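Engineer: Have a look at this one before I ask anything.
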Amino acid sequence: MHIGPYALANRLFVAPMAGVTDRPFRRLCKTLGAGYAVSEMVTSRRDLWNTLKTSRRANHDGEVAPIAVQIAGTDAAMMAEAAAYNVANGAQIIDINMGCPAKKVCNKWAGSALMQDEPLALAIVEAVVAACAPHGVPVTLKMRTGWSQDNKNAVALARQFEQAGVQMLTVHGRTREQGYKGQAEYDTIAAVKAAVRVPVVANGDLTTPEKVRDVLAYTGADAAMIGRAAQGRPWIFREVAHFLDTGTHLAPPLVVEVRRLLLDHLEDHYSLYGEFSGVRTARKHIGWYVKTLPGGDDFRARMNLLEDPQLQLNAVDDFFTELATAMDRMPVAPSMNDQEQESDLESAA
């Protein structure tokens with residue numbers, strides 16, 4: 001599969017999730033079998049580009065190409081300027097956010113709110129494509145099925161976006177009205193795939209290898225984008241890849257391997273955020289890793305009180321070292337139900 005001139009390693013993608021898919025997490029997922037990952041959304045507001053938050057989101061040091069940056073905003077000229085800015089800072093693919101359902105985004109008419117204003121949505125796409133074309137940078141877009149159950153316009157928008165030059169479309173199988181509640185539906189994704197010639201990526205409730213296989217077959221989508229199911233389980237990509245290739249399940253990772261993965265992840269995390277912020281923002285990642293493990297709840301409660309990175313590393317090291325004496329491999333992850341998905345999500349693009 002290609003996006004513009006870039007050949008991807010496979011058709012399993014990491015979904016952009018605010019507060020989650022930073023550089024350390026993207027690098028980890030790519031190491032563990034993801035063929036492609038998109039950054040957290042970067043604002044189109046020029047006055048925020050030099051803030052610490054935005055600079056961290058735009059950090060791609062050591063990341064495997066292609067470097068994909070998602071931008072969000074409501075003004076066509078500002079979005080075009082944001083695209084050019086990120087291209088100048090190393091972005092090789094620009095993704096437009098029309099999928100985020102978060103109120104703080106939609107209340108400003110960004111994210112999935114743009115699907116309510118088709119002329120504005122199209123104007124933004126045309127402006128971003130025009131800004132990227134001189135640099136040979138492909139533009140992709142992530143959206144929902146529509147704003148509400150009564151207004152599903154993904155197919156109509158997909159046709160317009162393709163004509164405007166978008167080279168890949170990702171569709172989350174929910175409306176903005178749903179947020180992350182209920183079940184994702186895949187009929188709209190199949191309809192988008194049938195309506196356009198560019199690659200289409202399926203997203204929503206892809207939590208098991210079987211589900212990925214079935215959704216790809218049902219929709220005809222070219223790729224699958226996994227988000228929340230990778231939180232605390234970044235090896236899901238190699239598990240799904242193995243299943244799609246062989247029809248058999250890969251054994252869960254050894255506890256000693258996960259210990260090393262998490263410790264390396266934390267070191268990389270601290271290097272990006274610094275010690276003070278790094279310890280605090282790492283807590284959610286550690287919590288996801290241990291959530292289903294014996295003693296995980298008690299450990300998480302104790303670990304959340306630690307404010308020193310070395311103490312946090314030592315606690316994680318001790319927990320998994322002790323766990324390895326009781327079990328060789330990680331347990332098979334259960335499918336997340338809607339309530340768990342909702343509570344686990346900080347904000348997804």
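Each chain in the structure tokens gets a letter, A, B and so on, in the order shown; residues start at 1 in every chain, and ligands are counted from 1 in the order they appear.
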I'd like the contact shell of Val198 in chain A - 9 Å cut-off, only C-alpha atoms, skipping same-chain residues fewer than 3 positions apart - returned as a list in words.
Structural biologist: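 Those residues are Glu162, Val166, Gln167, Met168, Leu169 and Lys193 of chain A.
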Engineer: Rounded to one decimal, what separation in Å do you get between CA of Ala229 in chain A and CA of Thr207 in chain A?
Structural biologist: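 Result for CA of Ala229 in chain A versus CA of Thr207 in chain A: 5.2 Å, one decimal.
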Engineer: Could you find all residues in range 58-87 of chain A that DSSP calls strand (DSSP E) from the backbone, and write them as a PyMOL selection string?
Structural biologist: chain A and resi 68-72
Engineer: Using only C-alpha atoms, which residue out of A:Ala224, A:Ala76, A:Met98, A:Val139 lies closest to Ala34 in chain A?
Structural biologist: A:Ala224
Engineer: For a quick check of understanding, using only C-alpha atoms, which of A:Leu157, A:Val42, A:Ala113, A:Val14 has the smallest distance to Asn203 in chain A?
Structural biologist: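 Of A:Leu157, A:Val42, A:Ala113, A:Val14, the one nearest Asn203 in chain A is A:Val14, counting only C-alpha atoms.
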Engineer: Each residue of range 245-299 of chain A lying at most 10 Å from range 308-330 of chain A should get a row with its shortest atom-to-atom pair and the distance in Å to one decimal, counting only C-alpha atoms; could you produce that, ordered by chain and increasing number, as a tab-separated table?
Structural biologist:
residue	atom	partner	partner_atom	distance
A:Ala251	CA	A:Arg329	CA	8.1
A:Pro252	CA	A:Met330	CA	5.6
A:Pro253	CA	A:Arg329	CA	5.6
A:Leu254	CA	A:Arg329	CA	4.1
A:Val255	CA	A:Arg329	CA	5.0
A:Val256	CA	A:Ala324	CA	6.4
A:Glu257	CA	A:Arg329	CA	9.0
A:Val258	CA	A:Phe320	CA	8.0
A:Arg259	CA	A:Phe320	CA	5.6
A:Arg260	CA	A:Asp317	CA	8.4
A:Leu262	CA	A:Val316	CA	8.1
A:Leu263	CA	A:Leu313	CA	6.6
A:Asp264	CA	A:Leu313	CA	9.7
A:Leu266	CA	A:Leu313	CA	7.5
A:Glu267	CA	A:Leu313	CA	8.5
A:Tyr270	CA	A:Pro309	CA	7.7
A:Gly274	CA	A:Pro309	CA	9.4
A:Glu275	CA	A:Pro309	CA	6.2
A:Phe276	CA	A:Asp308	CA	7.7
A:Ser277	CA	A:Pro309	CA	9.9
A:Gly278	CA	A:Pro309	CA	7.6
A:Val279	CA	A:Pro309	CA	5.6
A:Arg280	CA	A:Pro309	CA	9.2
A:Ala282	CA	A:Gln312	CA	9.2
A:Arg283	CA	A:Gln312	CA	9.0
A:Ile286	CA	A:Val316	CA	8.0
A:Val290	CA	A:Phe320	CA	9.3
A:Thr292	CA	A:Met330	CA	9.4
A:Leu293	CA	A:Met330	CA	8.1
A:Pro294	CA	A:Leu323	CA	8.1
A:Gly295	CA	A:Phe319	CA	9.0
A:Gly296	CA	A:Phe319	CA	8.9
A:Phe299	CA	A:Phe319	CA	7.7
Engineer: Take the residues from that selection and put them in a file with C-alpha atoms, as a short mmCIF file (atom, residue, chain, number, x, y, z; two decimals), in the first residue's frame.
Structural biologist:
data_model
loop_
_atom_site.label_atom_id
_atom_site.label_comp_id
_atom_site.auth_asym_id
_atom_site.auth_seq_id
_atom_site.Cartn_x
_atom_site.Cartn_y
_atom_site.Cartn_z
CA ALA A 251 1.36 -16.22 21.47
CA PRO A 252 1.09 -13.23 23.86
CA PRO A 253 4.44 -11.60 24.60
CA LEU A 254 6.64 -12.84 27.41
CA VAL A 255 6.37 -10.85 30.62
CA VAL A 256 10.11 -10.19 30.51
CA GLU A 257 9.74 -8.72 27.02
CA VAL A 258 6.93 -6.40 28.14
CA ARG A 259 9.04 -5.35 31.10
CA ARG A 260 11.80 -4.26 28.73
CA LEU A 262 7.74 -0.57 29.01
CA LEU A 263 11.02 0.49 30.60
CA ASP A 264 12.34 1.60 27.21
CA LEU A 266 9.33 5.26 29.80
CA GLU A 267 12.91 6.33 29.13
CA TYR A 270 10.95 11.15 29.91
CA GLY A 274 11.29 15.99 30.99
CA GLU A 275 11.24 14.54 34.46
CA PHE A 276 8.44 16.58 36.05
CA SER A 277 5.85 16.23 33.28
CA GLY A 278 7.18 12.87 32.12
CA VAL A 279 6.45 11.07 35.38
CA ARG A 280 2.91 12.38 35.44
CA ALA A 282 3.54 8.31 31.92
CA ARG A 283 1.08 7.21 34.59
CA ILE A 286 1.65 2.34 32.89
CA VAL A 290 -1.09 -3.30 34.15
CA THR A 292 -5.68 -6.57 33.47
CA LEU A 293 -2.72 -8.01 35.37
CA PRO A 294 -2.81 -9.64 38.81
CA GLY A 295 -2.22 -6.92 41.39
CA GLY A 296 -2.44 -4.26 38.69
CA PHE A 299 0.21 -1.29 41.84
#
Engineer: Using DSSP on the backbone, list every residue of range 61-227 of chain A that comes out as helix (DSSP H, G or I), and give them as a PyMOL selection string.
Structural biologist: chain A and resi 76-88+103-106+111-116+118-135+154-164+187-195+209-219
Engineer: Can you tell me, as a list in words, what residues are no more than 9 Å from range 209-211 of chain A when counting only C-alpha atoms, ignoring any on the same chain fewer than 3 positions away?
Structural biologist: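 Contacts, with the query itself left out: Asp205, Leu206, Asp214, Val215, Leu216, Ile236, Phe237, Glu239, Val240, Ala241, His242, Phe243, Leu244 and His249 of chain A.
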Engineer: I'd like the contact shell of Gly232 in chain A - 9 Å cut-off, only C-alpha atoms, skipping same-chain residues fewer than 2 positions apart - returned as a VMD selection string.
Structural biologist: chain A and resid 228 to 230 234 to 235 284 to 291
Engineer: List the neighbours of Leu122 in chain A out to 12 Å using only C-alpha atoms; skip same-chain residues closer than 2 positions along the sequence, and give me the result as JSON, numbers by chain.
Structural biologist: {"A": [74, 75, 76, 96, 98, 114, 115, 116, 117, 118, 119, 120, 124, 125, 126, 127, 128, 129, 141, 156, 157, 158, 159, 160, 161, 162, 163, 164, 165, 166]}
Engineer: Show which residues sit within 8 Å of range 79-87 of chain A, as an NGL selection string. Count only C-alpha atoms, and ignore same-chain residues fewer than 3 positions away.
Structural biologist: :A and (43-46 or 58 or 69 or 71-76 or 90-94 or 124 or 127-132 or 137)
Engineer: With N, CA and C atoms kept, could you save the residues just selected as a tab-separated table (two decimals), in the first residue's frame?
Structural biologist:
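Output file again29.tsv follows:
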chain	number	residue	atom	x	y	z
A	43	THR	N	-2.43	22.17	16.23
A	43	THR	CA	-3.32	23.28	15.95
A	43	THR	C	-2.86	24.09	14.73
A	44	SER	N	-3.83	24.71	14.08
A	44	SER	CA	-3.50	25.59	12.96
A	44	SER	C	-3.24	27.02	13.42
A	45	ARG	N	-3.38	27.27	14.71
A	45	ARG	CA	-3.17	28.62	15.24
A	45	ARG	C	-1.68	28.93	15.35
A	46	ARG	N	-1.23	29.90	14.58
A	46	ARG	CA	0.18	30.28	14.56
A	46	ARG	C	0.69	30.67	15.95
A	58	ALA	N	4.91	18.02	17.68
A	58	ALA	CA	5.57	18.09	16.37
A	58	ALA	C	6.97	17.50	16.40
A	69	VAL	N	1.71	14.13	9.98
A	69	VAL	CA	1.26	15.09	10.99
A	69	VAL	C	-0.19	15.45	10.71
A	71	ILE	N	-3.31	17.96	11.29
A	71	ILE	CA	-3.57	19.35	11.64
A	71	ILE	C	-5.07	19.55	11.84
A	72	ALA	N	-5.41	20.51	12.70
A	72	ALA	CA	-6.82	20.78	13.02
A	72	ALA	C	-7.06	22.27	13.02
A	73	GLY	N	-8.23	22.67	12.53
A	73	GLY	CA	-8.58	24.08	12.52
A	73	GLY	C	-9.84	24.32	11.72
A	74	THR	N	-10.22	25.59	11.61
A	74	THR	CA	-11.50	25.94	10.98
A	74	THR	C	-11.37	26.95	9.85
A	75	ASP	N	-10.17	27.46	9.65
A	75	ASP	CA	-9.96	28.49	8.64
A	75	ASP	C	-9.06	27.94	7.54
A	76	ALA	N	-9.50	28.05	6.29
A	76	ALA	CA	-8.76	27.45	5.19
A	76	ALA	C	-7.35	28.01	5.06
A	90	GLY	N	9.51	18.94	8.67
A	90	GLY	CA	9.76	17.51	8.51
A	90	GLY	C	8.57	16.63	8.19
A	91	ALA	N	7.37	17.18	8.16
A	91	ALA	CA	6.21	16.34	7.84
A	91	ALA	C	6.28	15.89	6.39
A	92	GLN	N	6.07	14.60	6.17
A	92	GLN	CA	6.08	14.04	4.82
A	92	GLN	C	4.68	13.75	4.31
A	93	ILE	N	3.72	13.71	5.21
A	93	ILE	CA	2.31	13.54	4.89
A	93	ILE	C	1.54	14.45	5.83
A	94	ILE	N	0.54	15.15	5.31
A	94	ILE	CA	-0.33	15.98	6.14
A	94	ILE	C	-1.72	15.34	6.18
A	124	ILE	N	-11.18	24.01	3.02
A	124	ILE	CA	-10.00	23.67	3.81
A	124	ILE	C	-9.16	22.63	3.08
A	127	ALA	N	-7.35	24.18	0.12
A	127	ALA	CA	-6.24	25.05	0.52
A	127	ALA	C	-5.04	24.25	1.00
A	128	VAL	N	-5.29	23.20	1.77
A	128	VAL	CA	-4.19	22.37	2.28
A	128	VAL	C	-3.50	21.62	1.14
A	129	VAL	N	-4.28	21.07	0.22
A	129	VAL	CA	-3.70	20.37	-0.93
A	129	VAL	C	-2.84	21.33	-1.74
A	130	ALA	N	-3.33	22.56	-1.96
A	130	ALA	CA	-2.57	23.54	-2.73
A	130	ALA	C	-1.26	23.90	-2.02
A	131	ALA	N	-1.28	23.95	-0.70
A	131	ALA	CA	-0.06	24.28	0.04
A	131	ALA	C	0.95	23.15	0.01
A	132	CYS	N	0.47	21.92	-0.05
A	132	CYS	CA	1.37	20.75	0.00
A	132	CYS	C	1.87	20.32	-1.37
A	137	VAL	N	3.99	16.68	-1.14
A	137	VAL	CA	3.52	16.09	0.11
A	137	VAL	C	2.06	15.66	-0.03
Engineer: I'd like the interatomic distance between CA of Pro24 in chain A and CA of Leu272 in chain A, to a tenth of an Å.
Structural biologist: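 These two atoms are separated by 7.9 Å.
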Engineer: Which residue out of A:Gly247, A:Pro134, A:Gly99, A:Gly227 has the minimum interatomic distance to Phe25 in chain A when only C-alpha atoms are used?
Structural biologist: A:Gly227
Engineer: Quick one, how far is CA of Glu40 in chain A from CA of Gly19 in chain A?
Structural biologist: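 For CA of Glu40 in chain A relative to CA of Gly19 in chain A, the distance reads 7.3 Å.
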